[in-house]
>>> print(open('structure-v3.cif').read())   # mmCIF, C-alpha atoms and all ligand atoms
data_entry
#
loop_
_atom_site.label_atom_id
_atom_site.label_comp_id
_atom_site.auth_asym_id
_atom_site.auth_seq_id
_atom_site.Cartn_x
_atom_site.Cartn_y
_atom_site.Cartn_z
CA MET A 1 -3.50 -15.26 -6.89
CA ARG A 2 -5.45 -12.43 -5.20
CA ILE A 3 -3.57 -10.91 -2.29
CA ILE A 4 -4.09 -7.92 -0.01
CA LEU A 5 -1.12 -6.25 1.64
CA LEU A 6 -2.32 -4.75 4.86
CA GLY A 7 -0.34 -2.58 7.23
CA PRO A 8 0.19 0.95 8.51
CA PRO A 9 1.81 3.77 6.52
CA GLY A 10 5.49 2.97 6.05
CA ALA A 11 5.09 -0.76 6.79
CA GLY A 12 6.67 -1.62 3.43
CA LYS A 13 3.55 -2.50 1.42
CA GLY A 14 4.77 -0.76 -1.73
CA THR A 15 8.30 -2.15 -1.39
CA GLN A 16 7.12 -5.73 -0.91
CA ALA A 17 4.35 -5.44 -3.54
CA LYS A 18 6.97 -4.69 -6.21
CA LEU A 19 8.89 -7.84 -5.27
CA LEU A 20 5.72 -9.93 -5.29
CA VAL A 21 4.82 -8.59 -8.74
CA GLU A 22 8.08 -10.01 -10.09
CA ARG A 23 7.60 -13.30 -8.31
CA LEU A 24 3.94 -13.90 -9.11
CA ALA A 25 3.62 -12.00 -12.42
CA VAL A 26 0.38 -10.29 -11.40
CA PRO A 27 -0.12 -6.50 -11.20
CA GLN A 28 0.24 -4.31 -8.12
CA ILE A 29 -2.84 -2.21 -7.54
CA SER A 30 -1.86 0.67 -5.31
CA THR A 31 -4.70 3.08 -4.60
CA GLY A 32 -2.15 5.59 -3.27
CA ASP A 33 -0.27 5.49 -6.61
CA MET A 34 -3.55 5.72 -8.54
CA LEU A 35 -4.58 8.79 -6.55
CA ARG A 36 -1.14 10.44 -6.90
CA ALA A 37 -1.34 9.86 -10.67
CA ALA A 38 -4.81 11.47 -10.69
CA VAL A 39 -3.46 14.47 -8.76
CA LYS A 40 -0.63 14.81 -11.29
CA ASP A 41 -3.12 14.68 -14.19
CA GLY A 42 -4.97 17.62 -12.67
CA GLY A 43 -8.46 16.23 -13.40
CA PRO A 44 -11.51 16.38 -11.06
CA LEU A 45 -10.65 13.14 -9.20
CA GLY A 46 -7.15 14.41 -8.45
CA GLY A 47 -8.47 17.78 -7.30
CA GLN A 48 -10.89 16.10 -4.92
CA ALA A 49 -8.38 13.52 -3.62
CA LYS A 50 -5.53 15.97 -2.99
CA ALA A 51 -7.35 17.82 -0.25
CA TYR A 52 -7.85 14.58 1.72
CA MET A 53 -4.37 13.22 1.07
CA ASP A 54 -2.59 16.43 2.05
CA ARG A 55 -4.19 16.37 5.45
CA GLY A 56 -3.61 12.65 5.97
CA ALA A 57 -7.29 11.72 5.77
CA LEU A 58 -8.81 8.93 3.72
CA VAL A 59 -10.42 9.72 0.38
CA PRO A 60 -14.19 8.91 0.64
CA ASP A 61 -15.10 5.23 0.27
CA GLU A 62 -17.44 5.75 -2.70
CA VAL A 63 -14.65 7.37 -4.74
CA ILE A 64 -12.11 4.65 -4.00
CA ILE A 65 -14.50 1.73 -4.35
CA GLY A 66 -15.54 2.89 -7.84
CA LEU A 67 -11.91 3.34 -8.85
CA VAL A 68 -10.84 -0.12 -7.68
CA ARG A 69 -13.90 -1.88 -9.07
CA GLU A 70 -13.09 -0.49 -12.50
CA ARG A 71 -9.39 -1.40 -12.20
CA LEU A 72 -10.20 -5.00 -11.26
CA GLN A 73 -12.10 -5.46 -14.55
CA ALA A 74 -8.93 -4.83 -16.59
CA ALA A 75 -7.52 -7.75 -18.58
CA ASP A 76 -4.24 -7.83 -16.63
CA CYS A 77 -6.16 -8.72 -13.45
CA ALA A 78 -7.49 -11.99 -14.85
CA ARG A 79 -4.76 -14.07 -13.14
CA GLY A 80 -4.89 -12.11 -9.90
CA TYR A 81 -3.37 -8.99 -8.32
CA ILE A 82 -1.71 -7.54 -5.27
CA LEU A 83 -3.82 -4.91 -3.57
CA ASP A 84 -1.63 -2.34 -1.83
CA GLY A 85 -3.45 0.25 0.27
CA PHE A 86 -6.93 -1.12 -0.42
CA PRO A 87 -9.16 -1.92 1.40
CA ARG A 88 -8.62 0.59 4.18
CA THR A 89 -12.03 0.62 5.84
CA VAL A 90 -14.57 -2.06 6.66
CA ALA A 91 -16.89 -0.54 4.02
CA GLN A 92 -14.15 -0.97 1.40
CA ALA A 93 -13.51 -4.57 2.51
CA GLU A 94 -17.22 -5.36 2.26
CA ALA A 95 -17.42 -3.76 -1.19
CA LEU A 96 -14.45 -5.87 -2.33
CA GLU A 97 -16.09 -9.00 -0.98
CA LYS A 98 -19.25 -8.14 -2.90
CA THR A 99 -17.36 -7.52 -6.14
CA LEU A 100 -15.42 -10.78 -5.79
CA GLY A 101 -18.62 -12.64 -4.91
CA GLU A 102 -20.31 -11.36 -8.08
CA LEU A 103 -17.35 -12.66 -10.08
CA ARG A 104 -17.36 -15.97 -8.09
CA LEU A 105 -13.83 -15.32 -6.92
CA ASN A 106 -12.14 -15.49 -3.53
CA LEU A 107 -9.29 -13.72 -1.85
CA ASP A 108 -6.32 -16.02 -1.40
CA HIS A 109 -4.31 -14.24 1.29
CA VAL A 110 -4.19 -11.08 3.37
CA LEU A 111 -0.62 -10.42 4.45
CA TYR A 112 -0.40 -8.09 7.42
CA LEU A 113 2.97 -6.38 7.82
CA ASP A 114 3.62 -5.74 11.48
CA VAL A 115 6.10 -2.91 12.21
CA PRO A 116 6.50 -0.89 15.43
CA VAL A 117 5.37 2.72 15.21
CA GLU A 118 8.79 4.35 15.85
CA GLU A 119 10.22 2.51 12.87
CA LEU A 120 7.27 3.55 10.68
CA VAL A 121 7.95 7.22 11.34
CA GLU A 122 11.66 6.85 10.55
CA ARG A 123 10.95 4.94 7.35
CA ILE A 124 8.46 7.52 6.09
CA ALA A 125 10.56 10.54 7.04
CA GLY A 126 13.48 9.21 4.96
CA ARG A 127 11.51 7.89 2.00
CA ARG A 128 12.28 9.31 -1.44
CA THR A 129 10.42 8.41 -4.65
CA CYS A 130 11.52 8.85 -8.24
CA ARG A 131 9.34 11.32 -10.16
CA ARG A 132 9.96 9.44 -13.39
CA CYS A 133 9.82 5.70 -12.63
CA GLY A 134 8.40 5.62 -9.09
CA ALA A 135 11.34 3.63 -7.65
CA MET A 136 11.66 4.05 -3.91
CA SER A 137 14.72 4.69 -1.81
CA HIS A 138 15.46 5.73 1.74
CA VAL A 139 18.03 8.33 2.76
CA ARG A 140 19.40 6.05 5.47
CA PHE A 141 18.34 2.46 4.80
CA SER A 142 18.72 2.31 1.00
CA PRO A 143 20.25 5.60 -0.24
CA THR A 144 20.67 6.36 -3.94
CA ARG A 145 24.27 6.53 -5.19
CA ARG A 146 23.86 10.24 -6.00
CA ASP A 147 21.80 12.43 -3.73
CA GLY A 148 18.42 13.25 -5.32
CA VAL A 149 19.02 11.06 -8.40
CA CYS A 150 17.23 7.75 -8.96
CA ASP A 151 19.58 4.74 -9.33
CA VAL A 152 17.14 2.99 -11.66
CA CYS A 153 16.44 5.66 -14.30
CA GLY A 154 18.40 8.79 -13.36
CA GLY A 155 15.16 10.72 -12.64
CA GLU A 156 14.78 13.21 -9.81
CA THR A 157 13.76 11.85 -6.40
CA TYR A 158 11.37 13.74 -4.15
CA GLN A 159 9.64 13.53 -0.77
CA ARG A 160 5.88 12.94 -0.90
CA ASP A 161 3.68 15.91 0.11
CA ASP A 162 2.00 13.79 2.80
CA ASP A 163 5.27 12.59 4.37
CA GLY A 164 5.80 15.62 6.64
CA GLU A 165 5.83 14.72 10.35
CA ASP A 166 2.41 16.18 11.32
CA THR A 167 0.66 14.53 8.37
CA VAL A 168 2.38 11.22 9.10
CA ARG A 169 1.10 11.30 12.70
CA ARG A 170 -2.39 11.99 11.38
CA ARG A 171 -2.10 9.13 8.85
CA LEU A 172 -1.04 6.78 11.63
CA ALA A 173 -4.02 7.85 13.77
CA VAL A 174 -6.37 7.36 10.82
CA TYR A 175 -4.86 3.92 10.28
CA THR A 176 -5.49 2.93 13.91
CA GLU A 177 -9.07 4.18 13.80
CA GLN A 178 -10.22 3.08 10.37
CA THR A 179 -7.89 0.43 8.93
CA ALA A 180 -6.59 -1.58 11.90
CA PRO A 181 -10.08 -3.14 12.40
CA LEU A 182 -9.48 -5.00 9.13
CA VAL A 183 -7.00 -7.27 10.91
CA ARG A 184 -9.91 -8.72 12.90
CA PHE A 185 -12.17 -8.65 9.85
CA TYR A 186 -9.79 -10.83 7.82
CA GLU A 187 -8.85 -13.00 10.79
CA GLY A 188 -12.54 -13.79 10.96
CA ARG A 189 -12.44 -14.84 7.29
CA GLY A 190 -9.45 -17.14 8.01
CA VAL A 191 -7.19 -15.51 5.39
CA LEU A 192 -4.94 -13.26 7.49
CA ARG A 193 -1.22 -14.03 7.81
CA ARG A 194 0.90 -11.94 10.17
CA ILE A 195 4.35 -11.12 8.85
CA VAL A 196 7.11 -9.66 11.02
CA GLY A 197 7.79 -6.50 9.01
CA THR A 198 11.15 -5.57 10.52
CA GLY A 199 14.61 -6.54 9.29
CA GLU A 200 16.09 -6.56 5.79
CA ILE A 201 13.70 -6.12 2.84
CA GLY A 202 14.78 -9.50 1.39
CA GLU A 203 14.28 -11.23 4.72
CA ILE A 204 10.73 -9.90 5.00
CA PHE A 205 10.04 -10.93 1.41
CA ALA A 206 11.21 -14.46 2.19
CA ARG A 207 8.76 -14.59 5.13
CA MET A 208 5.96 -13.45 2.84
CA VAL A 209 6.75 -16.03 0.19
CA GLN A 210 6.87 -18.72 2.85
CA SER A 211 3.46 -17.71 4.19
CA LEU A 212 2.08 -17.91 0.62
CA GLY A 213 3.17 -21.51 0.54
CA GLY A 214 6.66 -21.12 -1.00
P1 LIG A 301 -0.66 5.24 0.29
O1 LIG A 301 0.17 5.69 -0.83
O2 LIG A 301 -1.35 3.92 0.19
O3 LIG A 301 0.22 5.33 1.59
P2 LIG A 301 0.27 4.45 2.96
O4 LIG A 301 -0.65 3.32 3.09
O5 LIG A 301 0.19 5.48 4.00
O6 LIG A 301 1.55 3.70 2.82
P3 LIG A 301 2.93 4.23 2.43
O7 LIG A 301 3.00 4.35 0.92
O8 LIG A 301 3.28 5.46 3.22
O9 LIG A 301 3.87 3.10 2.98
P4 LIG A 301 4.16 1.61 2.49
O10 LIG A 301 3.59 0.66 3.48
O11 LIG A 301 3.82 1.41 1.05
O12 LIG A 301 5.74 1.62 2.71
P5 LIG A 301 6.89 1.73 1.63
O13 LIG A 301 7.10 0.43 0.95
O14 LIG A 301 6.72 2.97 0.80
O15 LIG A 301 -1.83 6.30 0.61
C1 LIG A 301 -1.58 7.68 0.64
C2 LIG A 301 -2.90 8.42 0.83
O16 LIG A 301 -3.78 8.15 -0.27
C3 LIG A 301 -3.70 8.05 2.08
O17 LIG A 301 -3.27 8.74 3.23
C4 LIG A 301 -5.12 8.44 1.66
O18 LIG A 301 -5.32 9.83 1.73
C5 LIG A 301 -5.15 8.04 0.19
N1 LIG A 301 -5.59 6.64 -0.01
C6 LIG A 301 -4.87 5.62 -0.55
N2 LIG A 301 -5.60 4.50 -0.58
C7 LIG A 301 -6.79 4.79 -0.06
C8 LIG A 301 -7.96 4.02 0.22
N3 LIG A 301 -8.03 2.70 -0.07
N4 LIG A 301 -9.02 4.66 0.80
C9 LIG A 301 -8.97 5.98 1.08
N5 LIG A 301 -7.90 6.76 0.86
C10 LIG A 301 -6.81 6.17 0.30
O19 LIG A 301 8.17 1.95 2.60
C11 LIG A 301 8.32 3.17 3.30
C12 LIG A 301 9.84 3.54 3.33
O20 LIG A 301 10.53 2.56 4.12
C13 LIG A 301 10.53 3.56 1.96
O21 LIG A 301 11.50 4.57 1.92
C14 LIG A 301 11.22 2.18 1.89
O22 LIG A 301 12.39 2.25 1.11
C15 LIG A 301 11.55 1.94 3.36
N6 LIG A 301 11.53 0.52 3.73
C16 LIG A 301 10.64 -0.42 3.33
N7 LIG A 301 10.92 -1.61 3.91
C17 LIG A 301 12.02 -1.39 4.69
C18 LIG A 301 12.79 -2.23 5.55
N8 LIG A 301 12.51 -3.52 5.72
N9 LIG A 301 13.83 -1.67 6.20
C19 LIG A 301 14.13 -0.35 6.05
N10 LIG A 301 13.43 0.49 5.25
C20 LIG A 301 12.39 -0.03 4.58
#
>>> encode(input="structure-v3.cif", output="structure tokens")
Amino acid sequence: MRIILLGPPGAGKGTQAKLLVERLAVPQISTGDMLRAAVKDGGPLGGQAKAYMDRGALVPDEVIIGLVRERLQAADCARGYILDGFPRTVAQAEALEKTLGELRLNLDHVLYLDVPVEELVERIAGRRTCRRCGAMSHVRFSPTRRDGVCDVCGGETYQRDDDGEDTVRRRLAVYTEQTAPLVRFYEGRGVLRRIVGTGEIGEIFARMVQSLGG
């Protein structure tokens, strides 16, 4: 099954993608995680991406499109995948359509997580990520048992560099300008499902599973 998770920063794409991975046994392809890994590696892609990410801007389409196209060729994508954070512009959506068309494949669903903006800011401000295993927590909604220590692996948790308030506001503005038009784009293709993205994580997951047909 080939699924896109669409939604603003903090909507819960990463959280829900991890649950869908377990359910559907297909990989999560998070362009944000791929870029953060590249930054950590210290290579040229990371160096280029960091400047955009730190100011809340999108990394240029040609960089991201190349990265995703290569990732989709990997053997673990043969049965499908969950795209988290891609596409983010109409140009990226068109490039994905072209790649899928060349492979004679279709998208199955685009799940749009709808969350009010005040809640997005609160979710992002309190998000913590494990440096070692990438598990996510939230200082208020899902705190770790010990402050700063991951419940899953005991690694150190940290706040993302782009989660400061000014950068978050910029990311939200960029989302409205460049990514929100994809809701219309995929509505036009007849694959968009709107999911109420508020409430308990498990409740939202149940809505997603239902919209995928159970
Ligand atoms: P990326 O990493 O993709 O970030 P994002 O889209 O801004 O999304 P987030 O990761 O902030 O949020 P999320 O929706 O995954 O929410 P999460 O599950 O973490 O991108 C970062 C940057 O990389 C971009 O700004 C850009 O520079 C670059 N980039 C990436 N992809 C690109 C592309 N395609 N093109 C160009 N540039 C690209 O949840 C957030 C928090 O809320 C967590 O703490 C979680 O525990 C909590 N939470 C989740 N659900 C709930 C709930 N139901 N109730 C309470 N708390 C909840």
>>> closest_residue(input="structure-v3.cif", among="A:Asp54, A:Glu200, A:Asp108, A:Glu70", to="Arg160 in chain A", atoms="only C-alpha atoms")
A:Asp54
>>> closest_residue(input="structure-v3.cif", among="A:Pro27, A:Gly47, A:Pro60, A:Gly213", to="ligand LIG 301 (chain A)", atoms="all atoms listed in the file")
A:Pro60
>>> closest_atom_pairs(input="structure-v3.cif", of="chain A", to="ligand LIG 301 (chain A)", cutoff="7 Å", atoms="all atoms listed in the file", output="Markdown table")
| residue | atom | partner | partner_atom | distance |
| --- | --- | --- | --- | --- |
| A:Gly7 | CA | A:LIG301 | O10 | 6.3 |
| A:Pro8 | CA | A:LIG301 | O4 | 6.0 |
| A:Pro9 | CA | A:LIG301 | O5 | 3.4 |
| A:Gly10 | CA | A:LIG301 | O9 | 3.5 |
| A:Ala11 | CA | A:LIG301 | O10 | 3.9 |
| A:Gly12 | CA | A:LIG301 | O13 | 3.2 |
| A:Lys13 | CA | A:LIG301 | O10 | 3.8 |
| A:Gly14 | CA | A:LIG301 | O11 | 3.7 |
| A:Thr15 | CA | A:LIG301 | O13 | 3.7 |
| A:Gln16 | CA | A:LIG301 | O13 | 6.4 |
| A:Ser30 | CA | A:LIG301 | O2 | 6.4 |
| A:Thr31 | CA | A:LIG301 | N2 | 4.4 |
| A:Gly32 | CA | A:LIG301 | O1 | 3.4 |
| A:Asp33 | CA | A:LIG301 | O1 | 5.8 |
| A:Leu35 | CA | A:LIG301 | O16 | 6.4 |
| A:Tyr52 | CA | A:LIG301 | O18 | 5.4 |
| A:Met53 | CA | A:LIG301 | O18 | 3.6 |
| A:Gly56 | CA | A:LIG301 | O17 | 4.8 |
| A:Ala57 | CA | A:LIG301 | O18 | 4.9 |
| A:Leu58 | CA | A:LIG301 | N5 | 3.7 |
| A:Val59 | CA | A:LIG301 | N5 | 3.9 |
| A:Pro60 | CA | A:LIG301 | C9 | 6.0 |
| A:Asp61 | CA | A:LIG301 | N4 | 6.1 |
| A:Ile64 | CA | A:LIG301 | N4 | 5.7 |
| A:Asp84 | CA | A:LIG301 | O2 | 6.6 |
| A:Gly85 | CA | A:LIG301 | O2 | 4.2 |
| A:Phe86 | CA | A:LIG301 | N3 | 4.0 |
| A:Pro87 | CA | A:LIG301 | N3 | 5.0 |
| A:Arg88 | CA | A:LIG301 | N3 | 4.8 |
| A:Arg123 | CA | A:LIG301 | O20 | 4.0 |
| A:Ile124 | CA | A:LIG301 | C12 | 5.0 |
| A:Gly126 | CA | A:LIG301 | O21 | 5.9 |
| A:Arg127 | CA | A:LIG301 | O21 | 3.3 |
| A:Arg128 | CA | A:LIG301 | O21 | 5.9 |
| A:Met136 | CA | A:LIG301 | O22 | 5.4 |
| A:Ser137 | CA | A:LIG301 | O22 | 4.5 |
| A:His138 | CA | A:LIG301 | O21 | 4.1 |
| A:Phe141 | CA | A:LIG301 | C19 | 5.2 |
| A:Ser142 | CA | A:LIG301 | O22 | 6.3 |
| A:Arg171 | CA | A:LIG301 | O17 | 5.8 |
| A:Gly197 | CA | A:LIG301 | N8 | 6.5 |
| A:Thr198 | CA | A:LIG301 | N8 | 5.4 |
| A:Gly199 | CA | A:LIG301 | N8 | 5.1 |
| A:Glu200 | CA | A:LIG301 | N8 | 4.7 |
| A:Ile201 | CA | A:LIG301 | N8 | 4.1 |
| A:Ile204 | CA | A:LIG301 | N8 | 6.7 |
>>> atom_distance(input="structure-v3.cif", atom1="CA of Tyr158 in chain A", atom2="CA of Ala125 in chain A")
11.7 Å
>>> atom_distance(input="structure-v3.cif", atom1="CA of Gly155 in chain A", atom2="CA of Val139 in chain A")
15.8 Å
>>> build_atoms(input="structure-v3.cif", residues="range 88-99 of chain A", atoms="N, CA, C and O atoms", output="short mmCIF file (atom, residue, chain, number, x, y, z; two decimals), keeping the file's coordinate frame")
data_model
loop_
_atom_site.label_atom_id
_atom_site.label_comp_id
_atom_site.auth_asym_id
_atom_site.auth_seq_id
_atom_site.Cartn_x
_atom_site.Cartn_y
_atom_site.Cartn_z
N ARG A 88 -9.13 -0.16 3.03
CA ARG A 88 -8.62 0.59 4.18
C ARG A 88 -9.71 0.88 5.19
O ARG A 88 -9.45 1.52 6.21
N THR A 89 -10.91 0.48 4.89
CA THR A 89 -12.03 0.62 5.84
C THR A 89 -12.87 -0.66 5.71
O THR A 89 -12.78 -1.37 4.69
N VAL A 90 -13.70 -0.88 6.72
CA VAL A 90 -14.57 -2.06 6.66
C VAL A 90 -15.52 -1.94 5.46
O VAL A 90 -15.77 -2.92 4.76
N ALA A 91 -15.98 -0.72 5.18
CA ALA A 91 -16.89 -0.54 4.02
C ALA A 91 -16.18 -0.94 2.73
O ALA A 91 -16.77 -1.58 1.85
N GLN A 92 -14.90 -0.59 2.61
CA GLN A 92 -14.15 -0.97 1.40
C GLN A 92 -13.96 -2.49 1.34
O GLN A 92 -14.06 -3.10 0.27
N ALA A 93 -13.70 -3.11 2.49
CA ALA A 93 -13.51 -4.57 2.51
C ALA A 93 -14.81 -5.27 2.12
O ALA A 93 -14.79 -6.26 1.38
N GLU A 94 -15.93 -4.74 2.60
CA GLU A 94 -17.22 -5.36 2.26
C GLU A 94 -17.53 -5.18 0.77
O GLU A 94 -18.04 -6.10 0.13
N ALA A 95 -17.18 -4.00 0.24
CA ALA A 95 -17.42 -3.76 -1.19
C ALA A 95 -16.56 -4.71 -2.03
O ALA A 95 -17.02 -5.24 -3.05
N LEU A 96 -15.33 -4.94 -1.59
CA LEU A 96 -14.45 -5.87 -2.33
C LEU A 96 -15.02 -7.28 -2.29
O LEU A 96 -15.07 -7.98 -3.32
N GLU A 97 -15.49 -7.66 -1.12
CA GLU A 97 -16.09 -9.00 -0.98
C GLU A 97 -17.28 -9.17 -1.93
O GLU A 97 -17.44 -10.21 -2.58
N LYS A 98 -18.06 -8.10 -2.03
CA LYS A 98 -19.25 -8.14 -2.90
C LYS A 98 -18.81 -8.28 -4.36
O LYS A 98 -19.34 -9.13 -5.10
N THR A 99 -17.84 -7.46 -4.75
CA THR A 99 -17.36 -7.52 -6.14
C THR A 99 -16.81 -8.91 -6.45
O THR A 99 -17.13 -9.51 -7.49
#
